[in-house]
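Structure file coords.pdb; described as PDB, C-alpha atoms.
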ATOM      1  CA  MET K   1      91.184  95.692  58.208
ATOM      2  CA  SER K   2      91.890  97.255  61.613
ATOM      3  CA  THR K   3      89.975  95.995  64.643
ATOM      4  CA  PRO K   4      89.519  98.505  67.515
ATOM      5  CA  ASP K   5      91.085  97.346  70.766
ATOM      6  CA  PRO K   6      89.054  98.172  73.907
ATOM      7  CA  TRP K   7      92.343  98.538  75.832
ATOM      8  CA  ASP K   8      93.503 101.461  73.671
ATOM      9  CA  ASP K   9      91.902 104.102  75.896
ATOM     10  CA  LEU K  10      94.061 103.012  78.830
ATOM     11  CA  ARG K  11      97.232 104.097  77.024
ATOM     12  CA  ALA K  12      96.317 107.710  77.735
ATOM     13  CA  TYR K  13      96.802 107.082  81.465
ATOM     14  CA  THR K  14     100.064 105.110  81.639
ATOM     15  CA  ALA K  15     103.455 104.699  80.001
ATOM     16  CA  ALA K  16     103.221 100.938  80.568
ATOM     17  CA  ARG K  17     103.506  98.799  77.456
ATOM     18  CA  LEU K  18      99.930  97.628  77.008
ATOM     19  CA  ALA K  19      97.482  97.430  74.091
ATOM     20  CA  LEU K  20     100.408  97.117  71.676
ATOM     21  CA  GLY K  21      98.329  95.454  68.989
ATOM     22  CA  ARG K  22      99.619  92.939  66.463
ATOM     23  CA  ALA K  23     100.346  92.535  62.795
ATOM     24  CA  GLY K  24      99.354  88.978  62.023
ATOM     25  CA  SER K  25     101.189  86.929  64.641
ATOM     26  CA  SER K  26     103.855  89.601  65.254
ATOM     27  CA  MET K  27     104.205  92.937  67.004
ATOM     28  CA  PRO K  28     103.536  96.029  64.861
ATOM     29  CA  THR K  29     106.670  97.605  63.415
ATOM     30  CA  ALA K  30     106.097 100.942  65.199
ATOM     31  CA  GLU K  31     105.896  99.209  68.597
ATOM     32  CA  LEU K  32     108.983  97.138  67.857
ATOM     33  CA  LEU K  33     110.924 100.308  67.047
ATOM     34  CA  ARG K  34     109.668 102.037  70.196
ATOM     35  CA  PHE K  35     110.777  99.043  72.277
ATOM     36  CA  GLY K  36     114.243  99.125  70.707
ATOM     37  CA  PHE K  37     114.560 102.846  71.412
ATOM     38  CA  ALA K  38     113.468 102.425  75.046
ATOM     39  CA  HIS K  39     115.946  99.573  75.485
ATOM     40  CA  ALA K  40     118.765 101.703  74.064
ATOM     41  CA  GLN K  41     117.866 104.553  76.444
ATOM     42  CA  ALA K  42     117.988 102.171  79.402
ATOM     43  CA  ARG K  43     121.401 100.835  78.358
ATOM     44  CA  ASP K  44     122.774 104.338  77.863
ATOM     45  CA  ALA K  45     121.470 105.396  81.281
ATOM     46  CA  VAL K  46     123.544 102.632  82.870
ATOM     47  CA  HIS K  47     126.732 103.023  80.859
ATOM     48  CA  VAL K  48     127.088 106.750  80.074
ATOM     49  CA  GLN K  49     129.402 108.457  82.558
ATOM     50  CA  LEU K  50     128.024 111.249  84.726
ATOM     51  CA  ASP K  51     129.600 114.662  84.126
ATOM     52  CA  THR K  52     130.387 115.349  87.791
ATOM     53  CA  GLN K  53     132.159 118.632  87.088
ATOM     54  CA  ALA K  54     129.138 120.051  85.269
ATOM     55  CA  LEU K  55     126.934 119.084  88.210
ATOM     56  CA  ALA K  56     129.406 120.637  90.665
ATOM     57  CA  ASP K  57     129.423 123.864  88.623
ATOM     58  CA  VAL K  58     125.622 124.084  88.657
ATOM     59  CA  LEU K  59     125.525 123.577  92.430
ATOM     60  CA  ALA K  60     128.347 126.081  92.948
ATOM     61  CA  ALA K  61     126.302 128.654  91.039
ATOM     62  CA  ASP K  62     123.619 128.150  93.693
ATOM     63  CA  GLY K  63     126.173 128.810  96.426
ATOM     64  CA  LEU K  64     126.615 125.158  97.426
ATOM     65  CA  PRO K  65     130.117 123.828  98.156
ATOM     66  CA  THR K  66     130.789 120.351  96.763
ATOM     67  CA  LEU K  67     133.239 117.506  97.299
ATOM     68  CA  GLN K  68     133.885 115.035  94.484
ATOM     69  CA  VAL K  69     134.663 111.446  95.454
ATOM     70  CA  HIS K  70     134.954 108.018  93.861
ATOM     71  CA  SER K  71     134.032 104.569  95.075
ATOM     72  CA  ALA K  72     136.454 101.656  95.295
ATOM     73  CA  ALA K  73     135.164 100.463  91.895
ATOM     74  CA  ALA K  74     137.833 101.687  89.490
ATOM     75  CA  ASP K  75     135.641 101.638  86.376
ATOM     76  CA  ARG K  76     132.110 100.886  85.190
ATOM     77  CA  ALA K  77     132.787  97.228  84.510
ATOM     78  CA  SER K  78     134.059  96.719  88.062
ATOM     79  CA  TYR K  79     131.091  98.660  89.414
ATOM     80  CA  LEU K  80     128.570  96.417  87.635
ATOM     81  CA  LEU K  81     130.336  93.154  88.469
ATOM     82  CA  ARG K  82     131.297  94.008  92.075
ATOM     83  CA  PRO K  83     128.474  95.824  93.913
ATOM     84  CA  ASP K  84     130.498  95.670  97.132
ATOM     85  CA  LEU K  85     133.156  97.990  95.668
ATOM     86  CA  GLY K  86     130.534 100.627  94.934
ATOM     87  CA  ARG K  87     129.539 100.720  98.608
ATOM     88  CA  ARG K  88     132.904 102.008  99.862
ATOM     89  CA  LEU K  89     135.057 105.019  99.060
ATOM     90  CA  ASP K  90     138.493 104.579  97.583
ATOM     91  CA  ASP K  91     141.374 105.568  99.838
ATOM     92  CA  ALA K  92     141.994 108.948  98.218
ATOM     93  CA  SER K  93     138.337 109.964  98.520
ATOM     94  CA  ALA K  94     138.148 108.896 102.146
ATOM     95  CA  GLN K  95     141.147 111.101 102.865
ATOM     96  CA  VAL K  96     139.510 114.044 101.085
ATOM     97  CA  LEU K  97     136.498 113.750 103.389
ATOM     98  CA  ARG K  98     138.637 113.383 106.517
ATOM     99  CA  GLU K  99     140.457 116.590 105.633
ATOM    100  CA  ALA K 100     137.150 118.362 104.922
ATOM    101  CA  ALA K 101     135.799 117.271 108.313
ATOM    102  CA  GLY K 102     138.785 118.739 110.132
ATOM    103  CA  PRO K 103     139.898 117.744 113.625
ATOM    104  CA  SER K 104     136.332 117.530 115.025
ATOM    105  CA  PRO K 105     134.115 115.465 112.682
ATOM    106  CA  ALA K 106     131.670 114.908 115.552
ATOM    107  CA  ALA K 107     130.684 118.579 115.208
ATOM    108  CA  GLY K 108     129.366 117.912 111.707
ATOM    109  CA  CYS K 109     126.116 118.840 110.005
ATOM    110  CA  ASP K 110     122.478 117.917 110.592
ATOM    111  CA  LEU K 111     122.009 116.811 106.977
ATOM    112  CA  LEU K 112     124.487 115.661 104.353
ATOM    113  CA  LEU K 113     123.375 115.337 100.728
ATOM    114  CA  VAL K 114     125.244 112.782  98.630
ATOM    115  CA  ILE K 115     124.597 112.522  94.885
ATOM    116  CA  GLY K 116     125.635 109.215  93.311
ATOM    117  CA  ASP K 117     125.455 108.179  89.667
ATOM    118  CA  GLY K 118     124.127 104.728  90.595
ATOM    119  CA  LEU K 119     122.570 102.780  87.732
ATOM    120  CA  SER K 120     121.329 105.813  85.817
ATOM    121  CA  SER K 121     123.540 108.827  85.194
ATOM    122  CA  LEU K 122     120.629 110.191  83.145
ATOM    123  CA  ALA K 123     118.455 110.366  86.269
ATOM    124  CA  VAL K 124     121.088 112.416  88.089
ATOM    125  CA  GLU K 125     121.713 114.678  85.108
ATOM    126  CA  ARG K 126     118.007 115.466  84.693
ATOM    127  CA  ASN K 127     116.679 115.496  88.250
ATOM    128  CA  ALA K 128     119.381 115.862  90.929
ATOM    129  CA  HIS K 129     119.726 119.653  90.735
ATOM    130  CA  ALA K 130     115.956 120.175  90.896
ATOM    131  CA  MET K 131     115.733 117.839  93.885
ATOM    132  CA  VAL K 132     118.544 119.572  95.768
ATOM    133  CA  THR K 133     116.893 122.942  95.068
ATOM    134  CA  ALA K 134     113.553 121.669  96.405
ATOM    135  CA  ILE K 135     115.199 120.249  99.537
ATOM    136  CA  ARG K 136     116.982 123.560 100.238
ATOM    137  CA  ALA K 137     113.738 125.473  99.739
ATOM    138  CA  GLY K 138     112.130 123.468 102.539
ATOM    139  CA  LEU K 139     115.081 123.595 104.958
ATOM    140  CA  PRO K 140     113.628 124.091 108.467
ATOM    141  CA  ALA K 141     115.079 126.649 110.837
ATOM    142  CA  GLY K 142     117.927 125.290 112.918
ATOM    143  CA  TRP K 143     119.065 122.656 110.408
ATOM    144  CA  SER K 144     122.628 122.801 109.050
ATOM    145  CA  LEU K 145     123.661 121.427 105.653
ATOM    146  CA  GLY K 146     127.052 119.956 104.887
ATOM    147  CA  PRO K 147     128.822 120.219 101.534
ATOM    148  CA  VAL K 148     127.175 118.252  98.744
ATOM    149  CA  VAL K 149     129.182 115.095  98.041
ATOM    150  CA  ILE K 150     129.162 113.976  94.382
ATOM    151  CA  ALA K 151     130.163 110.321  94.025
ATOM    152  CA  GLN K 152     131.122 108.310  90.951
ATOM    153  CA  GLN K 153     130.514 104.545  90.618
ATOM    154  CA  ALA K 154     128.387 104.786  93.750
ATOM    155  CA  ARG K 155     125.966 102.428  95.444
ATOM    156  CA  VAL K 156     123.525 103.553  98.135
ATOM    157  CA  ALA K 157     125.675 102.437 101.071
ATOM    158  CA  LEU K 158     128.569 104.657 100.016
ATOM    159  CA  ALA K 159     126.670 107.521 101.665
ATOM    160  CA  ASP K 160     127.038 105.758 105.031
ATOM    161  CA  GLU K 161     130.820 106.070 104.930
ATOM    162  CA  ALA K 162     130.672 109.639 103.611
ATOM    163  CA  GLY K 163     128.220 110.641 106.327
ATOM    164  CA  ALA K 164     130.283 109.027 109.070
ATOM    165  CA  LEU K 165     133.510 110.729 107.942
ATOM    166  CA  LEU K 166     131.814 114.148 107.814
ATOM    167  CA  GLY K 167     129.985 113.713 111.116
ATOM    168  CA  ALA K 168     126.479 113.963 109.623
ATOM    169  CA  ARG K 169     123.546 113.111 111.855
ATOM    170  CA  LEU K 170     121.383 112.343 108.825
ATOM    171  CA  VAL K 171     122.464 111.487 105.289
ATOM    172  CA  ALA K 172     120.369 111.538 102.117
ATOM    173  CA  MET K 173     121.668 109.686  99.078
ATOM    174  CA  LEU K 174     120.233 110.890  95.755
ATOM    175  CA  ILE K 175     121.034 108.179  93.243
ATOM    176  CA  GLY K 176     120.059 106.980  89.790
ATOM    177  CA  GLU K 177     117.700 104.022  90.024
ATOM    178  CA  ARG K 178     117.831 100.914  87.853
ATOM    179  CA  PRO K 179     116.289 102.106  84.547
ATOM    180  CA  GLY K 180     113.079 100.645  83.217
ATOM    181  CA  LEU K 181     111.872 100.572  79.637
ATOM    182  CA  SER K 182     109.528 103.499  80.269
ATOM    183  CA  SER K 183     111.576 105.254  82.964
ATOM    184  CA  PRO K 184     115.324 105.469  82.269
ATOM    185  CA  ASP K 185     115.709 108.601  84.403
ATOM    186  CA  SER K 186     114.177 107.805  87.808
ATOM    187  CA  LEU K 187     116.001 109.270  90.790
ATOM    188  CA  GLY K 188     115.867 107.566  94.183
ATOM    189  CA  LEU K 189     116.453 109.119  97.603
ATOM    190  CA  TYR K 190     117.637 107.047 100.574
ATOM    191  CA  LEU K 191     117.556 108.525 104.068
ATOM    192  CA  THR K 192     119.707 107.114 106.887
ATOM    193  CA  TRP K 193     119.965 108.265 110.510
ATOM    194  CA  LYS K 194     123.424 108.161 112.135
ATOM    195  CA  PRO K 195     125.211 106.844 109.022
ATOM    196  CA  ALA K 196     127.967 104.308 109.630
ATOM    197  CA  VAL K 197     129.658 101.633 107.564
ATOM    198  CA  GLY K 198     127.645  98.435 107.862
ATOM    199  CA  ARG K 199     124.160  99.934 107.983
ATOM    200  CA  HIS K 200     121.498  97.632 106.521
ATOM    201  CA  ASP K 201     118.860  98.604 103.971
ATOM    202  CA  ALA K 202     116.205  97.995 106.631
ATOM    203  CA  GLU K 203     117.664 101.015 108.440
ATOM    204  CA  ARG K 204     116.836 103.392 105.583
ATOM    205  CA  ASN K 205     113.764 105.081 104.163
ATOM    206  CA  CYS K 206     113.385 105.359 100.409
ATOM    207  CA  ILE K 207     111.567 107.792  98.127
ATOM    208  CA  SER K 208     111.633 106.498  94.552
ATOM    209  CA  ASN K 209     110.703 107.483  90.993
ATOM    210  CA  ILE K 210     111.578 111.156  91.437
ATOM    211  CA  ARG K 211     111.131 112.795  88.023
ATOM    212  CA  PRO K 212     108.561 115.040  86.348
ATOM    213  CA  GLU K 213     106.645 112.028  84.985
ATOM    214  CA  GLY K 214     106.652 110.293  88.376
ATOM    215  CA  LEU K 215     106.978 111.981  91.774
ATOM    216  CA  ALA K 216     107.820 115.639  91.100
ATOM    217  CA  PRO K 217     110.816 117.052  93.042
ATOM    218  CA  ALA K 218     108.651 119.502  95.009
ATOM    219  CA  ALA K 219     106.354 116.708  96.186
ATOM    220  CA  ALA K 220     109.337 114.453  96.924
ATOM    221  CA  ALA K 221     110.943 117.217  99.001
ATOM    222  CA  GLY K 222     107.776 117.580 101.072
ATOM    223  CA  ARG K 223     107.811 113.858 101.810
ATOM    224  CA  PHE K 224     111.539 113.983 102.479
ATOM    225  CA  TRP K 225     111.282 116.732 105.091
ATOM    226  CA  TRP K 226     108.433 114.969 106.864
ATOM    227  CA  LEU K 227     110.609 111.865 107.145
ATOM    228  CA  ALA K 228     113.743 113.847 108.061
ATOM    229  CA  GLN K 229     112.076 115.678 110.920
ATOM    230  CA  GLU K 230     110.497 112.493 112.231
ATOM    231  CA  ALA K 231     113.877 110.771 111.964
ATOM    232  CA  ARG K 232     115.464 113.456 114.121
ATOM    233  CA  ARG K 233     112.610 113.317 116.636
ATOM    234  CA  LEU K 234     112.696 109.516 116.920
ATOM    235  CA  GLN K 235     116.447 109.214 116.219
ATOM    236  CA  LEU K 236     115.967 106.423 113.711
ATOM    237  CA  THR K 237     115.138 105.627 110.099
ATOM    238  CA  GLY K 238     114.078 102.433 108.361
ATOM    239  CA  VAL K 239     111.270 100.002 108.982
ATOM    240  CA  GLN K 240     110.393 101.621 112.301
ATOM    241  CA  LEU K 241     109.768 104.990 110.645
ATOM    242  CA  LYS K 242     106.492 104.836 108.726
ATOM    243  CA  ASP K 243     105.839 107.394 106.017
ATOM    244  CA  ARG K 244     102.597 109.146 106.944
ATOM    245  CA  SER K 245     103.413 112.350 105.108
ATOM    246  CA  ASP K 246     100.332 112.109 102.929
ATOM    247  CA  ALA K 247      97.872 111.277 105.709
ATOM    248  CA  ALA K 248      94.846 113.524 105.389
ATOM    249  CA  VAL K 249      93.616 115.315 108.475
ATOM    250  CA  ILE K 250      89.858 115.285 108.297
ATOM    251  CA  ALA K 251      88.275 117.968 110.416
ATOM    252  CA  ALA K 252      85.039 117.111 112.150
ATOM    253  CA  PRO K 253      82.091 118.908 110.491
ATOM    254  CA  PRO K 254      80.346 121.523 112.573
ATOM    255  CA  SER K 255      77.369 120.188 114.423
ATOM    256  CA  THR K 256      74.027 121.461 113.228
ATOM    257  CA  ALA K 257      71.046 121.407 115.554
ATOM    258  CA  LEU K 258      67.966 119.814 114.094
ATOM    259  CA  PRO K 259      64.975 122.110 113.812
ATOM    260  CA  ALA K 260      62.402 121.679 116.531
ATOM    261  CA  LEU K 261      59.408 119.617 115.537
ATOM    262  CA  PRO K 262      56.074 121.414 115.563
ATOM    263  CA  ASP K 263      53.742 120.569 118.436
TER     264      ASP K 263
END
Could you quickly redo this structure as structure tokens?
Amino acid sequence: MSTPDPWDDLRAYTAARLALGRAGSSMPTAELLRFGFAHAQARDAVHVQLDTQALADVLAADGLPTLQVHSAAADRASYLLRPDLGRRLDDASAQVLREAAGPSPAAGCDLLLVIGDGLSSLAVERNAHAMVTAIRAGLPAGWSLGPVVIAQQARVALADEAGALLGARLVAMLIGERPGLSSPDSLGLYLTWKPAVGRHDAERNCISNIRPEGLAPAAAAGRFWWLAQEARRLQLTGVQLKDRSDAAVIAAPPSTALPALPD
């Protein structure tokens, strides 16, 4: 006999694992299989290598120049065991960026986009191109974009070194977030003013869960440009820059004169 669960209706509103039911004292077979599949997706998101050349080709088709770099973590095992290596470029990649900057890196761009595989290559594969397209669509007049840097075995802070070498005033790192069991493909965006090696996480602003099932790229780009323009106005990012991009402006209703009372 099956007993209706009053929590079942909530499953229509969330991907969270609730109202799973039970078979005797165990989890139902269907839910156990779904859990195993979600776990395998999360593992694959971490371990499958990002096809950086395919991403570069897609961006090139949009007219965007790219630079491919690698962190100091030689392979995935080193990347996972040594987070510090993922925060710095290897020597060859640093030289590539120095040569791209030319003799006057201080005359760099207003905004540098860096795409890093992070902890989910799946997130980058599915969402990075759409996010870059949405950011370009909202580019304000007077802003210059640098070449898109595509980084392998990258942590968030790697964008600080890339931005400093290319003379960027503002750097945005698009990176695969740590996968969850219902979201193996969430893309994060980290914004840093005046990037330099040694920046702390408190000096960044973050927009997370960028994907169709979370924060859609178009909405994320709107929030991004609000933060970017405020960052340039205030010349800072991080805890001192509060995200008020979704603050509603409530107009005062027109005043209506009350009818005169009869004598």
If we draw a sphere of 9 Å around (110.9, 110.6, 93.5), which residues have at least one atom in it when counting only C-alpha atoms? Please report them as a PDB file with C-alpha atoms, in the frame of the given file.
ATOM      1  CA  MET K 131     115.733 117.839  93.885  1.00  0.00           C
ATOM      2  CA  SER K 186     114.177 107.805  87.808  1.00  0.00           C
ATOM      3  CA  LEU K 187     116.001 109.270  90.790  1.00  0.00           C
ATOM      4  CA  GLY K 188     115.867 107.566  94.183  1.00  0.00           C
ATOM      5  CA  LEU K 189     116.453 109.119  97.603  1.00  0.00           C
ATOM      6  CA  ILE K 207     111.567 107.792  98.127  1.00  0.00           C
ATOM      7  CA  SER K 208     111.633 106.498  94.552  1.00  0.00           C
ATOM      8  CA  ASN K 209     110.703 107.483  90.993  1.00  0.00           C
ATOM      9  CA  ILE K 210     111.578 111.156  91.437  1.00  0.00           C
ATOM     10  CA  ARG K 211     111.131 112.795  88.023  1.00  0.00           C
ATOM     11  CA  PRO K 212     108.561 115.040  86.348  1.00  0.00           C
ATOM     12  CA  GLY K 214     106.652 110.293  88.376  1.00  0.00           C
ATOM     13  CA  LEU K 215     106.978 111.981  91.774  1.00  0.00           C
ATOM     14  CA  ALA K 216     107.820 115.639  91.100  1.00  0.00           C
ATOM     15  CA  PRO K 217     110.816 117.052  93.042  1.00  0.00           C
ATOM     16  CA  ALA K 219     106.354 116.708  96.186  1.00  0.00           C
ATOM     17  CA  ALA K 220     109.337 114.453  96.924  1.00  0.00           C
ATOM     18  CA  ALA K 221     110.943 117.217  99.001  1.00  0.00           C
TER      19      ALA K 221
END
How would you write as a compact mmCIF listing (two decimals) with C-alpha atoms, keeping the file's coordinate frame the residues that get within 10 Å of (121.7, 101.7, 78.6) in the file's frame, counting only C-alpha atoms?
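File out30.txt, as written:
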# COMPACT_ATOMS: atom_id res chain seq x y z
CA ALA K 38 113.47 102.42 75.05
CA HIS K 39 115.95 99.57 75.48
CA ALA K 40 118.76 101.70 74.06
CA GLN K 41 117.87 104.55 76.44
CA ALA K 42 117.99 102.17 79.40
CA ARG K 43 121.40 100.84 78.36
CA ASP K 44 122.77 104.34 77.86
CA ALA K 45 121.47 105.40 81.28
CA VAL K 46 123.54 102.63 82.87
CA HIS K 47 126.73 103.02 80.86
CA VAL K 48 127.09 106.75 80.07
CA LEU K 119 122.57 102.78 87.73
CA SER K 120 121.33 105.81 85.82
CA SER K 121 123.54 108.83 85.19
CA LEU K 122 120.63 110.19 83.14
CA PRO K 179 116.29 102.11 84.55
CA GLY K 180 113.08 100.64 83.22
CA LEU K 181 111.87 100.57 79.64
CA PRO K 184 115.32 105.47 82.27
Closest of K:Ala141, K:Ala72, K:Leu59, K:Leu113 to Ile175 (chain K) - atom-to-atom distances counting all atoms listed in the file: K:Leu113
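Of the residues listed (K:Pro140, K:Ile150, K:Ala164, K:Arg199), K:Pro140 shows the shortest atom-to-atom separation from Trp225 (chain K); distances use all atoms listed in the file.
Residues captured in this structure file are Ala159, Asp160, Arg169, Leu170, Val171, Ala172, Met173, Tyr190, Leu191, Trp193, Lys194, Pro195, Arg199, Glu203, Arg204, Asn205, Ala231, Leu236, Thr237 and Gly238 of chain K, according to the PyMOL selection byres ((chain K and resi 192) around 9).
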Neighbour list for region 18-34 of chain K as an NGL selection string, cut-off 8 Å, only C-alpha atoms, skip fewer than 4 positions in-chain: :K and (5 or 7-8 or 11 or 38)
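Remark: for Leu85 (chain K), the closest of the candidate residues K:Leu111, K:Ala157, K:Asp9, K:Asp185 is K:Ala157 (distances computed over all atoms listed in the file).
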